Structure formats: C-alpha cells, structure tokens
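final-v8.cif follows; it contains mmCIF, C-alpha atoms.
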data_work
loop_
_atom_site.label_atom_id
_atom_site.label_comp_id
_atom_site.auth_asym_id
_atom_site.auth_seq_id
_atom_site.Cartn_x
_atom_site.Cartn_y
_atom_site.Cartn_z
CA MET Y 1 -25.88 119.99 43.10
CA ILE Y 2 -25.59 123.35 41.34
CA GLU Y 3 -26.28 121.58 38.03
CA ARG Y 4 -29.90 121.21 39.06
CA ILE Y 5 -30.42 124.81 37.93
CA ALA Y 6 -29.92 123.75 34.32
CA ASN Y 7 -32.37 120.86 34.64
CA GLN Y 8 -35.05 122.41 36.82
CA PRO Y 9 -38.19 123.46 34.99
CA GLY Y 10 -39.78 126.63 36.22
CA ILE Y 11 -38.41 129.51 38.21
CA ILE Y 12 -35.49 129.44 40.64
CA VAL Y 13 -35.99 131.94 43.45
CA ALA Y 14 -32.77 133.60 44.57
CA ALA Y 15 -32.55 135.93 47.56
CA HIS Y 16 -30.18 138.69 46.47
CA ARG Y 17 -28.31 139.77 49.64
CA GLY Y 18 -31.03 137.92 51.54
CA TYR Y 19 -34.56 139.22 52.00
CA LYS Y 20 -33.29 142.77 51.54
CA SER Y 21 -36.62 144.43 50.81
CA ASP Y 22 -37.77 143.83 54.40
CA TYR Y 23 -34.51 143.35 56.33
CA PRO Y 24 -31.01 144.89 56.27
CA GLU Y 25 -29.10 143.34 53.35
CA ASN Y 26 -26.34 140.78 53.84
CA THR Y 27 -27.23 140.24 57.51
CA LEU Y 28 -27.94 136.87 59.08
CA LEU Y 29 -31.49 138.07 59.74
CA ALA Y 30 -32.07 138.85 56.05
CA PHE Y 31 -30.67 135.46 55.06
CA ARG Y 32 -32.64 133.56 57.70
CA LYS Y 33 -35.91 135.25 56.72
CA SER Y 34 -35.37 134.41 53.05
CA LEU Y 35 -34.52 130.81 53.94
CA GLU Y 36 -37.68 130.54 56.02
CA LEU Y 37 -39.64 131.57 52.92
CA GLY Y 38 -38.12 128.64 51.02
CA VAL Y 39 -35.81 130.34 48.51
CA ASP Y 40 -33.80 128.08 46.20
CA MET Y 41 -30.61 130.15 46.30
CA LEU Y 42 -28.85 132.81 48.35
CA GLU Y 43 -26.68 135.46 46.70
CA PHE Y 44 -24.14 137.20 48.90
CA ASP Y 45 -21.00 139.30 48.59
CA LEU Y 46 -17.62 138.74 50.20
CA ARG Y 47 -14.77 141.06 51.18
CA LEU Y 48 -11.76 140.72 53.47
CA SER Y 49 -11.19 142.58 56.72
CA SER Y 50 -7.72 143.96 57.45
CA ASP Y 51 -6.92 140.77 59.39
CA LYS Y 52 -8.18 138.56 56.55
CA ALA Y 53 -11.57 137.52 57.92
CA VAL Y 54 -14.03 136.76 55.10
CA MET Y 55 -16.91 139.18 55.65
CA VAL Y 56 -20.37 139.20 54.04
CA LEU Y 57 -20.67 142.77 52.81
CA HIS Y 58 -21.46 144.28 49.42
CA ASP Y 59 -19.92 147.74 49.39
CA ALA Y 60 -16.23 148.64 49.42
CA THR Y 61 -16.97 150.88 52.41
CA VAL Y 62 -19.11 150.43 55.51
CA ASP Y 63 -20.68 153.87 55.04
CA ARG Y 64 -24.03 152.93 53.44
CA THR Y 65 -24.96 149.87 55.51
CA THR Y 66 -23.51 150.58 58.96
CA ASN Y 67 -22.97 153.38 61.42
CA GLY Y 68 -19.28 153.44 60.51
CA SER Y 69 -17.21 155.11 57.84
CA GLY Y 70 -14.28 153.85 55.82
CA LYS Y 71 -13.09 150.98 53.64
CA VAL Y 72 -13.99 147.46 54.74
CA GLY Y 73 -10.34 146.42 54.39
CA GLY Y 74 -9.33 149.16 56.79
CA PHE Y 75 -11.15 147.47 59.69
CA SER Y 76 -10.24 144.33 61.63
CA LEU Y 77 -12.83 141.62 62.25
CA ALA Y 78 -13.29 142.88 65.82
CA GLU Y 79 -13.79 146.45 64.61
CA LEU Y 80 -16.30 145.40 61.94
CA LYS Y 81 -18.25 143.39 64.52
CA GLN Y 82 -18.66 146.56 66.62
CA LEU Y 83 -20.50 148.36 63.80
CA ASP Y 84 -24.30 148.48 63.69
CA ALA Y 85 -25.45 146.94 60.39
CA GLY Y 86 -29.18 147.25 61.03
CA SER Y 87 -30.28 150.71 62.10
CA TRP Y 88 -29.47 152.30 58.72
CA PHE Y 89 -32.40 150.25 57.39
CA ASP Y 90 -34.78 150.74 60.31
CA PRO Y 91 -34.16 151.53 63.99
CA GLU Y 92 -35.91 148.28 64.98
CA PHE Y 93 -32.93 146.39 63.52
CA ALA Y 94 -30.30 148.24 65.55
CA GLY Y 95 -27.56 146.00 66.84
CA LEU Y 96 -27.30 143.60 63.90
CA ASP Y 97 -23.70 143.01 62.91
CA ILE Y 98 -21.83 142.23 59.72
CA PRO Y 99 -21.60 138.45 59.44
CA THR Y 100 -18.56 136.42 58.55
CA LEU Y 101 -18.77 133.74 55.89
CA ALA Y 102 -18.35 131.11 58.62
CA GLU Y 103 -21.38 132.50 60.49
CA LEU Y 104 -23.45 132.32 57.31
CA CYS Y 105 -22.24 128.76 56.75
CA GLU Y 106 -23.43 127.84 60.24
CA LEU Y 107 -26.89 129.22 59.43
CA LEU Y 108 -26.93 127.18 56.21
CA ARG Y 109 -26.43 123.87 58.05
CA SER Y 110 -30.22 123.65 58.47
CA TYR Y 111 -30.81 124.27 54.74
CA PRO Y 112 -28.80 121.61 52.86
CA ASP Y 113 -30.61 122.07 49.55
CA VAL Y 114 -30.18 125.82 49.21
CA LEU Y 115 -27.78 126.81 46.42
CA LEU Y 116 -25.22 129.58 46.87
CA ASN Y 117 -24.32 132.38 44.47
CA VAL Y 118 -21.04 133.62 45.94
CA GLU Y 119 -19.76 136.97 44.71
CA ILE Y 120 -16.15 137.80 45.43
CA LYS Y 121 -15.94 141.57 45.23
CA SER Y 122 -13.27 143.01 42.96
CA ASN Y 123 -10.39 144.37 45.02
CA HIS Y 124 -6.59 144.22 45.31
CA ASP Y 125 -6.95 141.23 47.67
CA ALA Y 126 -9.62 139.35 45.67
CA MET Y 127 -7.38 136.34 44.91
CA GLU Y 128 -6.62 135.96 48.61
CA ALA Y 129 -10.35 136.29 49.30
CA VAL Y 130 -10.95 133.45 46.83
CA ASP Y 131 -8.46 131.17 48.57
CA LEU Y 132 -9.90 131.85 52.02
CA THR Y 133 -13.50 131.57 50.77
CA VAL Y 134 -12.88 128.26 49.03
CA ALA Y 135 -11.19 126.88 52.16
CA ILE Y 136 -14.17 127.83 54.34
CA LEU Y 137 -16.77 126.50 51.92
CA LYS Y 138 -14.78 123.28 51.50
CA GLU Y 139 -14.57 122.86 55.28
CA TYR Y 140 -18.37 123.06 55.47
CA GLY Y 141 -18.83 120.78 52.44
CA TYR Y 142 -20.68 123.48 50.50
CA LEU Y 143 -18.61 123.80 47.31
CA GLU Y 144 -20.94 121.64 45.24
CA ARG Y 145 -23.76 124.04 46.15
CA CYS Y 146 -21.93 127.10 44.79
CA VAL Y 147 -21.60 129.14 41.68
CA PHE Y 148 -19.09 131.98 41.91
CA ALA Y 149 -19.27 135.48 40.47
CA CYS Y 150 -16.90 138.42 40.24
CA PHE Y 151 -16.73 141.46 37.98
CA ASP Y 152 -13.02 140.82 37.49
CA ALA Y 153 -12.30 138.30 34.72
CA ALA Y 154 -8.94 137.36 36.25
CA VAL Y 155 -10.67 136.31 39.48
CA ILE Y 156 -13.24 134.26 37.58
CA ALA Y 157 -10.48 132.58 35.57
CA TYR Y 158 -8.57 131.86 38.79
CA LEU Y 159 -11.64 130.24 40.39
CA HIS Y 160 -12.24 128.15 37.29
CA ASP Y 161 -8.66 127.22 36.43
CA VAL Y 162 -7.21 126.64 39.91
CA TYR Y 163 -10.23 125.25 41.75
CA LYS Y 164 -12.32 123.90 38.84
CA LEU Y 165 -15.40 125.53 40.35
CA ARG Y 166 -18.57 126.69 38.66
CA THR Y 167 -18.37 130.33 37.73
CA GLN Y 168 -20.64 132.69 35.94
CA GLY Y 169 -19.12 133.05 32.52
CA PHE Y 170 -17.79 129.48 32.23
CA PRO Y 171 -19.74 126.27 31.61
#

What do you get writing this file as structure tokens?
Amino acid sequence: MIERIANQPGIIVAAHRGYKSDYPENTLLAFRKSLELGVDMLEFDLRLSSDKAVMVLHDATVDRTTNGSGKVGGFSLAELKQLDAGSWFDPEFAGLDIPTLAELCELLRSYPDVLLNVEIKSNHDAMEAVDLTVAILKEYGYLERCVFACFDAAVIAYLHDVYKLRTQGFP
C-alpha cells in the first residue's frame, strides 16, 4: 500500500504530528481533525515510557507539550496519562492526554487508506521501541501502510534488515 506514493501523480498531503497548526500536536484530537480533512498520510513520533508502553510524543521530555517536567522514559504509562497535553497549546484543549500507539491505531480503524510515516525517536531504547512498535502495527494489520523514519542509521538498518520494512533511506 505504501508503494502508491511512488505511483501517485500529484501531491500527497501528510499531517505532520496531526493537524498541529490548530490542535495540540501528537494528540488524538490533532490526528482525528487531520483525518477528517482527508489527509493521505499521518506522521507521528514514538517513544517508550519507563514501563515500555509505546507513546506518541515527539520530544525527549514532556516539558514543552504537557504540564509536566522530565524525560518521557522517566514516567510510567499511568504517570504520562495523568499529564495535560492540551493546555500548553490553548486552555480550551485542557485535559487531552498523550496517546499510546495502540490508541492511535484504534482511531485509524475508520481510515483504512491513510498511510503512516512512523518515526522512532533516537534513544538508548530505540531498538526495543522498534520491536514493540512493529508488534503493535502487525497486530492491527497496518505494516503495509507504513514507512519508518529515525535519525539513527542503526535503527533504520535494523528496521530494514530484521523486519524488511520500508524505511526512509532504503528503497
């Protein structure tokens, strides 16, 4: 399915961290709003919590996009879910939480043609994040919809060599 990018004439519209100009980035609301507009692809970022939940969050810390402070990997899933991921953007979005990859996958059930640009964030646990991410996406049947990115060449090589998945930087 991801191959359709190479064969599609015209422009592919990708929502980078969702519809982040009008909604808090990497939240289910930002993704849902971009999907409602009919985007072709979602781009999102993944990191692990301290208890190995795959979380949709760009930064290494929660400081910029939540009311918390500290490294993402220093929080458990339950602790991350208690943080407010909306009010930093606008008080009207107070109470939004940081989604897990599984929660995003549930949202995507209603959008079977949307492609996924999955960025594994560089970190000491990035290979473990890859394994857990691939398992979740495989469970949902979404792997054929994905292209993977990472700013760590070893992670990209691992995705390509071990899982034979589409990565940015490999054909």

TODO: Would you work out the distance separating CA of Leu37 in chain Y from CA of Leu107 in chain Y, expressed in Å to one decimal?
DONE: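 Pair CA of Leu37 in chain Y / CA of Leu107 in chain Y returns 14.5 Å.
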
- [ ] List, as an MDAnalysis selection string, every residue that the PyMOL selection byres ((chain Y and resi 141) around 12) selects in the file provided.
- [x] chainID Y and resid 1 105:106 108:109 112 134:140 142:146

Open item on the list: Which residues would end up in the selection if the PyMOL selection byres ((chain Y and resi 56-63) around 8) were applied here, given that I need the answer as a PyMOL selection string?
Closed with: chain Y and resi 26-27+44-47+54-55+64-72+98-101+121

Go ahead and write the selection's residues with C-alpha atoms as a short mmCIF file (atom, residue, chain, number, x, y, z; two decimals), in the coordinates of the input.
data_model
loop_
_atom_site.label_atom_id
_atom_site.label_comp_id
_atom_site.auth_asym_id
_atom_site.auth_seq_id
_atom_site.Cartn_x
_atom_site.Cartn_y
_atom_site.Cartn_z
CA ASN Y 26 -26.34 140.78 53.84
CA THR Y 27 -27.23 140.24 57.51
CA PHE Y 44 -24.14 137.20 48.90
CA ASP Y 45 -21.00 139.30 48.59
CA LEU Y 46 -17.62 138.74 50.20
CA ARG Y 47 -14.77 141.06 51.18
CA VAL Y 54 -14.03 136.76 55.10
CA MET Y 55 -16.91 139.18 55.65
CA ARG Y 64 -24.03 152.93 53.44
CA THR Y 65 -24.96 149.87 55.51
CA THR Y 66 -23.51 150.58 58.96
CA ASN Y 67 -22.97 153.38 61.42
CA GLY Y 68 -19.28 153.44 60.51
CA SER Y 69 -17.21 155.11 57.84
CA GLY Y 70 -14.28 153.85 55.82
CA LYS Y 71 -13.09 150.98 53.64
CA VAL Y 72 -13.99 147.46 54.74
CA ILE Y 98 -21.83 142.23 59.72
CA PRO Y 99 -21.60 138.45 59.44
CA THR Y 100 -18.56 136.42 58.55
CA LEU Y 101 -18.77 133.74 55.89
CA LYS Y 121 -15.94 141.57 45.23
#

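Atom to atom, CA of Asn117 in chain Y and CA of Met41 in chain Y stand 6.9 Å apart.
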
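Using all atoms listed in the file, the nearest neighbour of Asp22 in chain Y within the list Y:Ser122, Y:Ser110, Y:Ser34, Y:Ser49 is Y:Ser34.
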
Task: Point-to-point distance in Å for CA of Gln168 in chain Y and CA of Glu36 in chain Y - done: 26.4 Å

Open item on the list: Under the rule that all atoms listed in the file are counted, which of Y:Trp88, Y:Arg17, Y:Gly38, Y:Leu29 is the nearest residue to Glu119 in chain Y?
Closed with: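 Result for the nearest residue to Glu119 in chain Y: Y:Arg17.
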
- [ ] For the point (-29.8, 134.9, 48.6) in the file's frame, write as a VMD selection string all residues with an atom no more than 7 Å away, counting only C-alpha atoms.
- [x] chain Y and resid 14 to 18 31 41 to 44

Open item on the list: Which residue is closest to Gly86 in chain Y? Choose from Y:Asp152, Y:Glu25, Y:Asp161, Y:Glu103 and count all atoms listed in the file.
Closed with: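 That would be Y:Glu25, the residue with the smallest distance to Gly86 in chain Y.
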
Open item on the list: Quick check on the file I pasted: which residues fall under the PyMOL selection byres ((chain Y and resi 156) around 12)? Write them as a PyMOL selection string.
Closed with: chain Y and resi 118-122+126-127+130+147-155+157-171

- [ ] Would you please work out which residue, of Y:Pro24, Y:Leu115, Y:Lys81, Y:Asp125, is nearest to Ala94 in chain Y when using all atoms listed in the file?
- [x]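 That would be Y:Pro24, the residue with the smallest distance to Ala94 in chain Y.
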
- [ ] Using all atoms listed in the file, find the one residue out of Y:Leu116, Y:Leu77, Y:Ala85, Y:Val39 that sits nearest to Ile12 in chain Y.
- [x] Y:Val39

- [ ] Using all atoms listed in the file, pick whichever of Y:Asp84, Y:Asp40, Y:Leu28, Y:Ser21 has the shortest atom-to-atom distance to Gln8 in chain Y.
- [x]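 Closest candidate: Y:Asp40.
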